[in-house]
file data.cif (mmCIF, C-alpha atoms)
data_structure
#
loop_
_atom_site.label_atom_id
_atom_site.label_comp_id
_atom_site.auth_asym_id
_atom_site.auth_seq_id
_atom_site.Cartn_x
_atom_site.Cartn_y
_atom_site.Cartn_z
CA MET O 64 1.17 2.66 9.90
CA HIS O 65 4.04 4.69 8.36
CA ILE O 66 6.89 4.71 10.86
CA PRO O 67 8.66 8.09 11.19
CA ASP O 68 12.37 8.67 11.84
CA GLY O 69 13.40 8.22 15.45
CA PHE O 70 11.10 5.34 16.42
CA LEU O 71 13.37 2.48 15.38
CA SER O 72 17.02 1.71 16.08
CA HIS O 73 19.54 1.94 13.25
CA GLY O 74 20.20 -1.80 13.58
CA ILE O 75 16.56 -2.67 12.92
CA ASN O 76 16.29 -0.16 10.08
CA ALA O 77 19.48 -1.49 8.47
CA THR O 78 18.30 -5.10 8.74
CA THR O 79 14.88 -4.42 7.23
CA PHE O 80 16.50 -2.22 4.57
CA VAL O 81 18.71 -5.10 3.40
CA LEU O 82 15.76 -7.53 3.41
CA SER O 83 13.53 -5.07 1.56
CA ALA O 84 16.18 -4.14 -1.02
CA GLY O 85 16.91 -7.83 -1.68
CA THR O 86 13.21 -8.53 -2.17
CA CYS O 87 13.00 -5.51 -4.46
CA ALA O 88 15.77 -6.86 -6.71
CA LEU O 89 14.02 -10.22 -6.88
CA ALA O 90 10.64 -8.59 -7.60
CA LEU O 91 12.05 -6.50 -10.46
CA LYS O 92 13.51 -9.65 -12.00
CA LYS O 93 10.23 -11.57 -11.68
CA VAL O 94 8.09 -8.71 -13.01
CA ASN O 95 10.31 -7.94 -15.96
CA ARG O 96 9.89 -11.48 -17.25
CA ALA O 97 6.12 -11.45 -17.07
CA PHE O 98 5.21 -7.94 -18.11
CA GLY O 99 4.17 -6.58 -21.45
CA GLU O 100 2.56 -3.54 -23.01
CA LYS O 101 -0.73 -4.22 -21.26
CA GLU O 102 0.53 -4.58 -17.69
CA VAL O 103 2.63 -1.42 -17.34
CA PRO O 104 -0.28 1.07 -17.54
CA LEU O 105 -2.28 -1.21 -15.26
CA MET O 106 0.51 -1.01 -12.71
CA GLY O 107 0.58 2.77 -13.07
CA VAL O 108 -3.13 3.19 -12.54
CA THR O 109 -3.20 0.73 -9.60
CA ALA O 110 -0.36 2.63 -7.92
CA ALA O 111 -2.13 5.96 -8.51
CA PHE O 112 -5.32 4.57 -6.98
CA VAL O 113 -3.44 3.16 -3.98
CA PHE O 114 -1.72 6.51 -3.37
CA ALA O 115 -4.98 8.47 -3.57
CA ALA O 116 -6.90 5.96 -1.44
CA GLN O 117 -4.17 5.95 1.24
CA MET O 118 -4.86 9.65 1.81
CA LEU O 119 -8.45 8.96 2.77
CA ASN O 120 -8.29 8.35 6.50
CA PHE O 121 -11.53 7.07 8.00
CA PRO O 122 -12.31 7.39 11.72
CA VAL O 123 -12.34 4.19 13.77
CA ALA O 124 -13.03 3.69 17.48
CA GLY O 125 -11.38 5.73 20.23
CA GLY O 126 -10.33 8.91 18.42
CA THR O 127 -8.16 7.03 15.95
CA SER O 128 -8.21 6.91 12.18
CA GLY O 129 -7.07 4.35 9.66
CA HIS O 130 -6.59 4.23 5.94
CA PHE O 131 -6.55 1.77 3.06
CA LEU O 132 -3.21 0.07 2.34
CA GLY O 133 -3.96 -1.74 -0.91
CA ALA O 134 -1.24 -4.38 -0.65
CA VAL O 135 -3.46 -7.44 -1.14
CA PHE O 136 -5.57 -5.41 -3.59
CA SER O 137 -2.53 -4.74 -5.83
CA SER O 138 -1.22 -8.32 -5.53
CA VAL O 139 -4.53 -9.91 -6.45
CA LEU O 140 -4.88 -7.61 -9.47
CA LEU O 141 -1.37 -7.86 -10.86
CA GLY O 142 0.42 -10.68 -9.05
CA PRO O 143 2.41 -10.55 -5.79
CA TRP O 144 5.68 -9.22 -7.26
CA ALA O 145 4.00 -6.36 -9.09
CA GLY O 146 1.98 -5.71 -5.93
CA PHE O 147 5.21 -5.50 -3.96
CA ILE O 148 6.70 -2.99 -6.43
CA ILE O 149 3.54 -0.86 -6.43
CA ILE O 150 3.44 -0.56 -2.62
CA THR O 151 7.21 0.05 -2.45
CA LEU O 152 7.07 2.87 -5.01
CA VAL O 153 4.08 4.46 -3.28
CA LEU O 154 6.03 4.36 0.02
CA VAL O 155 9.10 5.94 -1.61
CA VAL O 156 7.02 8.78 -3.09
CA GLN O 157 5.23 9.32 0.24
CA CYS O 158 8.54 9.41 2.10
CA LEU O 159 10.47 11.71 -0.26
CA GLY O 160 7.62 13.86 -1.53
CA PHE O 161 5.30 14.10 1.47
CA ALA O 162 7.46 13.35 4.53
CA ASP O 163 5.05 10.50 5.31
CA GLY O 164 7.22 7.79 6.86
CA GLY O 165 10.84 8.46 7.82
CA LEU O 166 13.72 8.13 5.38
CA THR O 167 15.68 5.99 7.83
CA ALA O 168 12.57 3.87 8.45
CA LEU O 169 11.88 3.33 4.73
CA GLY O 170 13.29 -0.20 4.80
CA SER O 171 11.07 -1.06 7.76
CA ASN O 172 7.98 0.48 6.18
CA VAL O 173 8.62 -1.42 2.94
CA PHE O 174 9.18 -4.60 4.94
CA ASN O 175 5.94 -4.23 6.94
CA MET O 176 3.66 -3.13 4.12
CA ALA O 177 5.17 -4.55 0.92
CA VAL O 178 7.04 -7.70 2.02
CA ILE O 179 4.51 -8.75 4.69
CA GLY O 180 1.49 -6.89 3.27
CA ALA O 181 1.79 -7.61 -0.45
CA LEU O 182 3.82 -10.85 -0.58
CA GLY O 183 2.70 -12.36 2.74
CA GLY O 184 -0.88 -11.22 2.20
CA TYR O 185 -0.92 -12.77 -1.25
CA ALA O 186 0.53 -16.04 0.02
CA MET O 187 -2.26 -16.21 2.57
CA PHE O 188 -4.84 -15.36 -0.09
CA SER O 189 -3.50 -18.14 -2.35
CA VAL O 190 -3.64 -20.79 0.35
CA LEU O 191 -7.17 -19.78 1.39
CA TYR O 192 -8.43 -19.51 -2.20
CA SER O 193 -7.12 -23.00 -2.98
CA SER O 194 -8.64 -24.40 0.20
CA PHE O 195 -12.01 -23.06 -0.98
CA GLN O 196 -11.59 -25.04 -4.23
CA LYS O 197 -11.25 -21.73 -6.12
CA ARG O 198 -14.98 -21.04 -6.06
CA GLU O 199 -16.21 -17.49 -6.58
CA LYS O 200 -17.54 -17.17 -3.03
CA GLY O 201 -14.24 -18.58 -1.77
CA PHE O 202 -12.39 -15.94 -3.77
CA PHE O 203 -14.09 -13.14 -1.86
CA ILE O 204 -13.79 -14.84 1.53
CA ALA O 205 -10.07 -15.41 0.90
CA LEU O 206 -9.74 -11.79 -0.25
CA ALA O 207 -11.49 -10.40 2.83
CA ILE O 208 -9.50 -12.51 5.32
CA SER O 209 -6.10 -11.96 3.70
CA SER O 210 -6.55 -8.19 3.25
CA TRP O 211 -7.64 -7.92 6.91
CA ALA O 212 -4.68 -10.05 7.99
CA SER O 213 -2.22 -7.98 5.90
CA ILE O 214 -3.02 -4.98 8.11
CA VAL O 215 -2.88 -6.86 11.42
CA LEU O 216 0.37 -8.68 10.50
CA GLY O 217 2.01 -5.52 9.13
CA ALA O 218 1.12 -3.60 12.30
CA SER O 219 2.34 -6.50 14.47
CA ALA O 220 5.66 -6.52 12.59
CA ALA O 221 5.95 -2.78 13.29
CA ALA O 222 5.29 -3.52 16.97
CA VAL O 223 8.03 -6.16 17.05
CA GLU O 224 10.46 -3.68 15.42
CA LEU O 225 9.51 -1.04 17.99
CA ALA O 226 10.10 -3.52 20.81
CA LEU O 227 13.45 -4.72 19.40
CA SER O 228 14.48 -1.06 19.08
CA GLY O 229 13.80 -0.57 22.77
CA THR O 230 11.12 2.05 22.04
CA SER O 231 8.32 0.26 23.88
CA PRO O 232 8.08 -3.17 25.54
CA LEU O 233 6.56 -5.90 23.36
CA THR O 234 3.91 -6.78 25.95
CA ILE O 235 2.61 -3.21 25.69
CA VAL O 236 3.13 -2.23 22.06
CA LEU O 237 2.08 -5.51 20.38
CA PRO O 238 -1.44 -5.75 21.87
CA ALA O 239 -1.93 -2.01 21.32
CA MET O 240 -0.85 -2.08 17.65
CA ALA O 241 -2.60 -5.35 16.82
CA GLY O 242 -5.74 -4.25 18.70
CA VAL O 243 -6.29 -1.01 16.81
CA HIS O 244 -5.37 -2.57 13.45
CA VAL O 245 -7.84 -5.42 13.93
CA ILE O 246 -10.46 -2.68 13.48
CA ILE O 247 -8.64 -0.78 10.71
CA GLY O 248 -8.25 -4.13 8.90
CA ILE O 249 -12.04 -4.44 8.63
CA GLY O 250 -12.01 -1.22 6.58
CA GLU O 251 -9.25 -2.70 4.43
CA ALA O 252 -11.29 -5.86 3.83
CA ILE O 253 -14.42 -3.88 2.90
CA ILE O 254 -12.59 -1.56 0.48
CA THR O 255 -10.55 -4.40 -1.07
CA THR O 256 -13.50 -6.73 -1.70
CA THR O 257 -15.69 -3.87 -2.98
CA ALA O 258 -13.05 -2.54 -5.37
CA VAL O 259 -12.10 -5.99 -6.68
CA SER O 260 -15.73 -7.00 -7.18
CA LEU O 261 -16.38 -3.80 -9.16
CA ILE O 262 -13.40 -4.58 -11.41
CA LEU O 263 -14.50 -8.22 -11.75
CA LYS O 264 -17.92 -7.08 -12.89
CA THR O 265 -16.55 -4.85 -15.63
CA ARG O 266 -13.20 -6.42 -16.58
CA PRO O 267 -12.72 -9.89 -15.05
CA ASP O 268 -9.66 -10.43 -17.28
CA LEU O 269 -7.80 -7.73 -15.34
CA VAL O 270 -7.85 -9.61 -12.04
CA ARG O 271 -4.85 -11.89 -12.33
CA ALA O 272 -5.60 -14.11 -9.33
CA PHE O 273 -9.11 -14.68 -10.71
CA ALA O 274 -8.08 -15.11 -14.34
CA LYS O 275 -5.72 -17.85 -13.21
CA ARG O 276 -8.69 -19.87 -12.05
CA GLU O 277 -10.27 -19.58 -15.50
CA ALA O 278 -7.02 -20.76 -17.07
CA VAL O 279 -6.97 -23.74 -14.73
CA HIS O 280 -10.53 -24.61 -15.69
CA GLU O 281 -9.79 -24.31 -19.38
CA SER O 282 -6.77 -26.54 -19.21
CA ALA O 283 -8.73 -29.06 -17.14
CA ALA O 284 -11.54 -29.17 -19.69
CA MET J 278 -3.18 -1.52 -27.01
CA LYS J 279 -6.90 -2.12 -27.37
CA ALA J 280 -9.23 0.87 -27.04
CA ARG J 281 -11.21 -0.96 -24.33
CA HIS J 282 -8.06 -1.37 -22.31
CA LYS J 283 -7.06 2.26 -22.73
CA GLY J 284 -10.53 3.28 -21.63
CA PHE J 285 -10.14 1.33 -18.40
CA ILE J 286 -6.79 2.98 -17.66
CA TRP J 287 -8.20 6.48 -18.15
CA LEU J 288 -11.26 5.63 -16.08
CA GLY J 289 -9.11 4.28 -13.25
CA LEU J 290 -6.78 7.27 -13.35
CA GLY J 291 -9.77 9.63 -13.47
CA ILE J 292 -11.34 8.01 -10.39
CA SER J 293 -8.01 8.16 -8.51
CA LEU J 294 -7.51 11.85 -9.34
CA LEU J 295 -11.08 12.67 -8.31
CA LEU J 296 -10.59 10.83 -4.99
CA ALA J 297 -7.41 12.81 -4.33
CA LEU J 298 -8.92 16.13 -5.36
CA PHE J 299 -12.35 15.98 -3.75
CA LEU J 300 -12.18 13.42 -0.93
CA SER J 301 -8.68 13.81 0.53
CA PRO J 302 -9.41 17.33 1.93
CA PHE J 303 -12.24 15.79 3.97
CA ALA J 304 -10.33 12.76 5.25
CA SER J 305 -10.21 12.20 9.01
CA SER J 306 -7.40 14.14 10.67
CA LEU J 307 -7.47 11.97 13.80
CA PRO J 308 -4.15 10.27 14.62
CA ASP J 309 -3.70 6.96 12.77
CA GLY J 310 -3.15 3.59 14.45
CA LEU J 311 0.58 3.99 15.03
CA GLU J 312 0.36 7.68 16.04
CA LYS J 313 -2.34 6.87 18.57
CA VAL J 314 -0.35 3.99 20.07
CA ALA J 315 2.74 6.24 20.22
CA GLU J 316 0.71 8.88 22.08
CA THR J 317 -0.92 6.56 24.60
CA LYS J 318 2.18 4.43 25.20
CA GLY J 319 4.37 7.48 25.59
CA PHE J 320 6.88 7.26 22.76
CA ALA J 321 5.42 9.87 20.37
CA GLU J 322 8.13 12.39 21.25
CA LYS J 323 10.79 10.06 19.84
CA GLY J 324 9.55 10.81 16.35
CA ALA J 325 9.29 14.57 16.80
CA GLY J 326 11.88 16.83 15.23
CA ASP J 327 14.10 13.97 14.24
CA SER J 328 13.51 13.91 10.51
CA PHE J 329 16.38 12.99 8.21
CA TRP J 330 14.65 14.28 5.10
CA GLU J 331 13.73 17.97 5.14
CA HIS J 332 13.31 18.45 1.41
CA ALA J 333 9.87 16.94 0.88
CA PRO J 334 8.02 19.44 -1.34
CA PHE J 335 4.60 18.59 0.14
CA LYS J 336 5.35 18.04 3.79
CA ASP J 337 2.38 16.31 5.47
CA TYR J 338 0.33 16.59 2.29
CA THR J 339 0.23 20.37 2.21
CA LEU J 340 1.58 23.09 -0.05
CA PRO J 341 3.69 25.62 1.86
CA GLY J 342 2.35 28.66 -0.06
CA ILE J 343 -1.37 27.95 0.30
CA LYS J 344 -3.18 28.95 3.49
CA ASN J 345 -6.47 27.14 2.86
CA GLU J 346 -5.85 23.69 4.28
CA ARG J 347 -8.39 21.89 2.10
CA VAL J 348 -7.16 23.44 -1.14
CA SER J 349 -3.60 22.73 -0.12
CA THR J 350 -4.32 19.04 0.59
CA ALA J 351 -6.31 18.67 -2.63
CA ILE J 352 -3.46 20.03 -4.76
CA ALA J 353 -0.87 17.93 -2.91
CA GLY J 354 -3.03 14.82 -3.38
CA LEU J 355 -3.65 15.51 -7.06
CA THR J 356 0.06 16.10 -7.73
CA GLY J 357 1.09 12.98 -5.80
CA THR J 358 -1.43 10.74 -7.56
CA LEU J 359 -0.33 11.96 -10.99
CA ALA J 360 3.35 11.69 -10.03
CA VAL J 361 2.93 8.11 -8.82
CA PHE J 362 1.19 7.20 -12.09
CA LEU J 363 3.95 8.74 -14.22
CA ILE J 364 6.80 7.30 -12.13
CA VAL J 365 5.38 3.76 -12.27
CA MET J 366 4.68 4.10 -16.02
CA GLY J 367 8.21 5.35 -16.62
CA LEU J 368 9.84 2.69 -14.49
CA GLY J 369 7.59 -0.02 -15.94
CA ASN J 370 8.54 0.90 -19.49
CA LEU J 371 12.19 1.00 -18.49
CA ILE J 372 11.99 -2.52 -17.02
CA ARG J 373 10.14 -3.76 -20.08
CA LYS J 374 12.67 -2.28 -22.51
CA SER J 375 15.65 -3.64 -20.62
CA SER J 376 14.15 -7.14 -20.68
CA SER J 377 13.14 -7.30 -24.36
CA PRO J 378 16.16 -7.70 -26.66
#
call {"tool": "encode", "arguments": {"input": "data.cif", "output": "C-alpha cells"}}
result
Amino acid sequence: MHIPDGFLSHGINATTFVLSAGTCALALKKVNRAFGEKEVPLMGVTAAFVFAAQMLNFPVAGGTSGHFLGAVFSSVLLGPWAGFIIITLVLVVQCLGFADGGLTALGSNVFNMAVIGALGGYAMFSVLYSSFQKREKGFFIALAISSWASIVLGASAAAVELALSGTSPLTIVLPAMAGVHVIIGIGEAIITTTAVSLILKTRPDLVRAFAKREAVHESAA
Amino acid sequence: MKARHKGFIWLGLGISLLLALFLSPFASSLPDGLEKVAETKGFAEKGAGDSFWEHAPFKDYTLPGIKNERVSTAIAGLTGTLAVFLIVMGLGNLIRKSSSP
C-alpha cells in the first residue's frame, strides 16, 4: 500500500502532507501529556514489531501479496495518538532507509495508513466496542472489523488520491484497490486479533483499550 | 521499571528481531495490492525511475554488497527493526523529558 514517487500529483501530496503534519503535531502534544517511563519502551517495541511484521508479505488471490499494517493493533495497545506516531515513524524509516514509499508521497502514505488507519481505525473500534457493551467477545469482534476496515479504507483513500491526481479514473482504480484489499484486510484482522489475544492472555494491563473497560467497571462498582 | 515489564519488552523485541531475521527472507515476493493494481490498470510505469530519494542505505530491503538475496534481506530487516526500536525509544524519551519540568 506504500505509494511510490510519481503516482500522485504534487497538489495531492502537498495537501496530505499538511494534513499529516498537523495531525502529527497534535499527536505529539497528546502523547507527551499521557506518557511515562512505562509507555516509551512499549511504544518502541510495538514499532519494532510493526516494522518487522510489515516485511512479511503473504500471498493472496491472483498473484498478489499483502502484508500486515498494524495501525489498529498499535492504537488498541497504546491509544490512537501513540498508534498514529508509531505508524508514522515506521513509514518515515521505510521511506528514508529502505526506499519503500516515495519521499514526495510520504504525506499521502502517512495520511492513508496513520490518519485513516490508526486514528480512523481506532474511532471505528471504539464505536463498535461500545455498541457491544464492552464485552470480551465484543472486543474481539470490534477489533477484527476495525482492523479489516483500516486496510480497505486506507486503500480506498489511496485510490481517491490516484484518481484526483489523474493517474487512473476513480471508477477503475477504486474497485480494484478496494477489491484486493478486502482480501488483504482479512489477513490484517487475523494477525491483529491473534496478536492482541496473546498479549491479553499474558499481560492484559498492557492493552490500553481493554484496560479502560476494567477502569470503567471499577469506577462503576 | 518493574522486572516483569522489562521482561515483556525484551521478549517483544526478541520476537520482532527473530521475525525480521528468519521470516522476512521467505516472505512472498509477489507484487502487493497497489503494485498489482498499478500493473493491471496500466500506471505502473509512472512510478518507475522517478524517485526523489536515492540515498536509502537498504534500497528495497537489500544490502548492496551482499549477493545472497535471503541473507541480504535478513540483515536489512534486522537492522531496520533495531533502528525503529531505538529511534522510537529516543524520540519517546525526548518527548517525555520536554514535557516533565
call {"tool": "interface_residues", "arguments": {"input": "data.cif", "of": "chain J", "to": "chain O", "cutoff": "6 Å", "atoms": "all atoms listed in the file", "output": "number ranges by chain"}}
result
J: 290, 293, 297, 301, 304-305, 307-309, 311, 323-324, 327-328, 333-338, 358, 361-362, 365-366, 369, 372-373
call {"tool": "closest_residue", "arguments": {"input": "data.cif", "among": "O:Ile150, O:Glu251, O:Gly201, O:Leu140", "to": "Leu169 in chain O", "atoms": "all atoms listed in the file"}}
result
O:Ile150
call {"tool": "residues_around", "arguments": {"input": "data.cif", "residues": "Asn175 in chain O", "least_positions_apart": "6", "cutoff": "12 Å", "atoms": "all atoms listed in the file", "output": "number ranges by chain"}}
result
O: 64-66, 76, 79-80, 82-83, 132, 134, 147, 150-151, 154, 168-169, 181-184, 213-224
call {"tool": "closest_residue", "arguments": {"input": "data.cif", "among": "J:Glu316, J:Thr339, J:Ala321, J:Gly367", "to": "Leu355 in chain J", "atoms": "only C-alpha atoms"}}
result
J:Thr339
call {"tool": "axis_aligned_box", "arguments": {"input": "data.cif", "around": "range 309-316 of chain J", "padding_each_side": "8 Å", "output": "JSON"}}
result
{"center_x": -0.5, "center_y": 6.2, "center_z": 17.4, "size_x": 22.4, "size_y": 21.3, "size_z": 25.3}
call {"tool": "atom_distance", "arguments": {"input": "data.cif", "atom1": "CA of Ser209 in chain O", "atom2": "CA of Gly291 in chain J"}}
result
27.8 Å
call {"tool": "atom_distance", "arguments": {"input": "data.cif", "atom1": "CA of Leu296 in chain J", "atom2": "CA of Gly250 in chain O"}}
result
16.8 Å
call {"tool": "closest_residue", "arguments": {"input": "data.cif", "among": "O:Leu206, O:Phe273, O:Ser72, O:Leu233", "to": "Thr257 in chain O", "atoms": "all atoms listed in the file"}}
result
O:Leu206
call {"tool": "resolve_selection", "arguments": {"input": "data.cif", "expression": "the PyMOL selection byres ((chain J and resi 352) around 9)", "output": "PyMOL selection string"}}
result
chain J and resi 297-298+338-340+347-351+353-357
call {"tool": "closest_residue", "arguments": {"input": "data.cif", "among": "O:Ser171, O:Ser210, O:Thr255, O:Thr86", "to": "Leu191 in chain O", "atoms": "all atoms listed in the file"}}
result
O:Ser210
call {"tool": "atom_distance", "arguments": {"input": "data.cif", "atom1": "CA of Phe203 in chain O", "atom2": "CA of Met187 in chain O"}}
result
13.0 Å
call {"tool": "closest_residue", "arguments": {"input": "data.cif", "among": "O:Phe174, O:Tyr192, O:Tyr185, O:Phe202", "to": "Ser137 in chain O", "atoms": "only C-alpha atoms"}}
result
O:Tyr185
call {"tool": "build_atoms", "arguments": {"input": "data.cif", "residues": "range 241-268 of chain O", "atoms": "N, CA and C atoms", "output": "PDB file, in the frame of the given file"}}
result
ATOM      1  N   ALA O 241      -1.737  -4.340  17.422  1.00  0.00           N
ATOM      2  CA  ALA O 241      -2.600  -5.350  16.820  1.00  0.00           C
ATOM      3  C   ALA O 241      -4.067  -5.007  17.088  1.00  0.00           C
ATOM      4  N   GLY O 242      -4.354  -4.565  18.319  1.00  0.00           N
ATOM      5  CA  GLY O 242      -5.740  -4.250  18.700  1.00  0.00           C
ATOM      6  C   GLY O 242      -6.372  -3.198  17.811  1.00  0.00           C
ATOM      7  N   VAL O 243      -5.684  -2.083  17.607  1.00  0.00           N
ATOM      8  CA  VAL O 243      -6.290  -1.010  16.810  1.00  0.00           C
ATOM      9  C   VAL O 243      -6.353  -1.406  15.330  1.00  0.00           C
ATOM     10  N   HIS O 244      -5.369  -2.188  14.867  1.00  0.00           N
ATOM     11  CA  HIS O 244      -5.370  -2.570  13.450  1.00  0.00           C
ATOM     12  C   HIS O 244      -6.313  -3.721  13.122  1.00  0.00           C
ATOM     13  N   VAL O 245      -6.775  -4.430  14.148  1.00  0.00           N
ATOM     14  CA  VAL O 245      -7.840  -5.420  13.930  1.00  0.00           C
ATOM     15  C   VAL O 245      -9.086  -4.697  13.412  1.00  0.00           C
ATOM     16  N   ILE O 246      -9.297  -3.475  13.926  1.00  0.00           N
ATOM     17  CA  ILE O 246     -10.460  -2.680  13.480  1.00  0.00           C
ATOM     18  C   ILE O 246     -10.180  -2.024  12.127  1.00  0.00           C
ATOM     19  N   ILE O 247      -9.000  -1.430  11.985  1.00  0.00           N
ATOM     20  CA  ILE O 247      -8.640  -0.780  10.710  1.00  0.00           C
ATOM     21  C   ILE O 247      -8.668  -1.816   9.577  1.00  0.00           C
ATOM     22  N   GLY O 248      -8.255  -3.051   9.891  1.00  0.00           N
ATOM     23  CA  GLY O 248      -8.250  -4.130   8.900  1.00  0.00           C
ATOM     24  C   GLY O 248      -9.631  -4.433   8.332  1.00  0.00           C
ATOM     25  N   ILE O 249     -10.677  -4.211   9.134  1.00  0.00           N
ATOM     26  CA  ILE O 249     -12.040  -4.440   8.630  1.00  0.00           C
ATOM     27  C   ILE O 249     -12.325  -3.462   7.487  1.00  0.00           C
ATOM     28  N   GLY O 250     -11.882  -2.211   7.654  1.00  0.00           N
ATOM     29  CA  GLY O 250     -12.010  -1.220   6.580  1.00  0.00           C
ATOM     30  C   GLY O 250     -11.265  -1.674   5.336  1.00  0.00           C
ATOM     31  N   GLU O 251     -10.060  -2.194   5.549  1.00  0.00           N
ATOM     32  CA  GLU O 251      -9.250  -2.700   4.430  1.00  0.00           C
ATOM     33  C   GLU O 251      -9.986  -3.812   3.687  1.00  0.00           C
ATOM     34  N   ALA O 252     -10.579  -4.738   4.443  1.00  0.00           N
ATOM     35  CA  ALA O 252     -11.290  -5.860   3.830  1.00  0.00           C
ATOM     36  C   ALA O 252     -12.499  -5.380   3.036  1.00  0.00           C
ATOM     37  N   ILE O 253     -13.228  -4.397   3.590  1.00  0.00           N
ATOM     38  CA  ILE O 253     -14.420  -3.880   2.900  1.00  0.00           C
ATOM     39  C   ILE O 253     -14.011  -3.185   1.598  1.00  0.00           C
ATOM     40  N   ILE O 254     -13.000  -2.306   1.678  1.00  0.00           N
ATOM     41  CA  ILE O 254     -12.590  -1.560   0.480  1.00  0.00           C
ATOM     42  C   ILE O 254     -12.012  -2.522  -0.566  1.00  0.00           C
ATOM     43  N   THR O 255     -11.183  -3.472  -0.122  1.00  0.00           N
ATOM     44  CA  THR O 255     -10.550  -4.400  -1.070  1.00  0.00           C
ATOM     45  C   THR O 255     -11.591  -5.242  -1.802  1.00  0.00           C
ATOM     46  N   THR O 256     -12.514  -5.863  -1.042  1.00  0.00           N
ATOM     47  CA  THR O 256     -13.500  -6.730  -1.700  1.00  0.00           C
ATOM     48  C   THR O 256     -14.437  -5.913  -2.597  1.00  0.00           C
ATOM     49  N   THR O 257     -14.810  -4.701  -2.164  1.00  0.00           N
ATOM     50  CA  THR O 257     -15.690  -3.870  -2.980  1.00  0.00           C
ATOM     51  C   THR O 257     -14.997  -3.481  -4.287  1.00  0.00           C
ATOM     52  N   ALA O 258     -13.765  -2.993  -4.175  1.00  0.00           N
ATOM     53  CA  ALA O 258     -13.050  -2.540  -5.370  1.00  0.00           C
ATOM     54  C   ALA O 258     -12.794  -3.694  -6.330  1.00  0.00           C
ATOM     55  N   VAL O 259     -12.376  -4.841  -5.797  1.00  0.00           N
ATOM     56  CA  VAL O 259     -12.100  -5.990  -6.680  1.00  0.00           C
ATOM     57  C   VAL O 259     -13.384  -6.492  -7.319  1.00  0.00           C
ATOM     58  N   SER O 260     -14.496  -6.502  -6.579  1.00  0.00           N
ATOM     59  CA  SER O 260     -15.730  -7.000  -7.180  1.00  0.00           C
ATOM     60  C   SER O 260     -16.235  -6.067  -8.271  1.00  0.00           C
ATOM     61  N   LEU O 261     -15.996  -4.751  -8.101  1.00  0.00           N
ATOM     62  CA  LEU O 261     -16.380  -3.800  -9.160  1.00  0.00           C
ATOM     63  C   LEU O 261     -15.561  -4.051 -10.417  1.00  0.00           C
ATOM     64  N   ILE O 262     -14.261  -4.314 -10.250  1.00  0.00           N
ATOM     65  CA  ILE O 262     -13.400  -4.580 -11.410  1.00  0.00           C
ATOM     66  C   ILE O 262     -13.790  -5.910 -12.052  1.00  0.00           C
ATOM     67  N   LEU O 263     -14.093  -6.905 -11.216  1.00  0.00           N
ATOM     68  CA  LEU O 263     -14.500  -8.220 -11.750  1.00  0.00           C
ATOM     69  C   LEU O 263     -15.771  -8.126 -12.573  1.00  0.00           C
ATOM     70  N   LYS O 264     -16.662  -7.227 -12.168  1.00  0.00           N
ATOM     71  CA  LYS O 264     -17.920  -7.080 -12.890  1.00  0.00           C
ATOM     72  C   LYS O 264     -17.698  -6.475 -14.273  1.00  0.00           C
ATOM     73  N   THR O 265     -16.755  -5.519 -14.348  1.00  0.00           N
ATOM     74  CA  THR O 265     -16.550  -4.850 -15.630  1.00  0.00           C
ATOM     75  C   THR O 265     -15.454  -5.520 -16.464  1.00  0.00           C
ATOM     76  N   ARG O 266     -14.320  -5.840 -15.837  1.00  0.00           N
ATOM     77  CA  ARG O 266     -13.200  -6.420 -16.580  1.00  0.00           C
ATOM     78  C   ARG O 266     -12.580  -7.591 -15.826  1.00  0.00           C
ATOM     79  N   PRO O 267     -13.247  -8.748 -15.811  1.00  0.00           N
ATOM     80  CA  PRO O 267     -12.720  -9.890 -15.050  1.00  0.00           C
ATOM     81  C   PRO O 267     -11.323 -10.313 -15.497  1.00  0.00           C
ATOM     82  N   ASP O 268     -10.979 -10.030 -16.758  1.00  0.00           N
ATOM     83  CA  ASP O 268      -9.660 -10.430 -17.280  1.00  0.00           C
ATOM     84  C   ASP O 268      -8.517  -9.657 -16.620  1.00  0.00           C
TER      85      ASP O 268
END
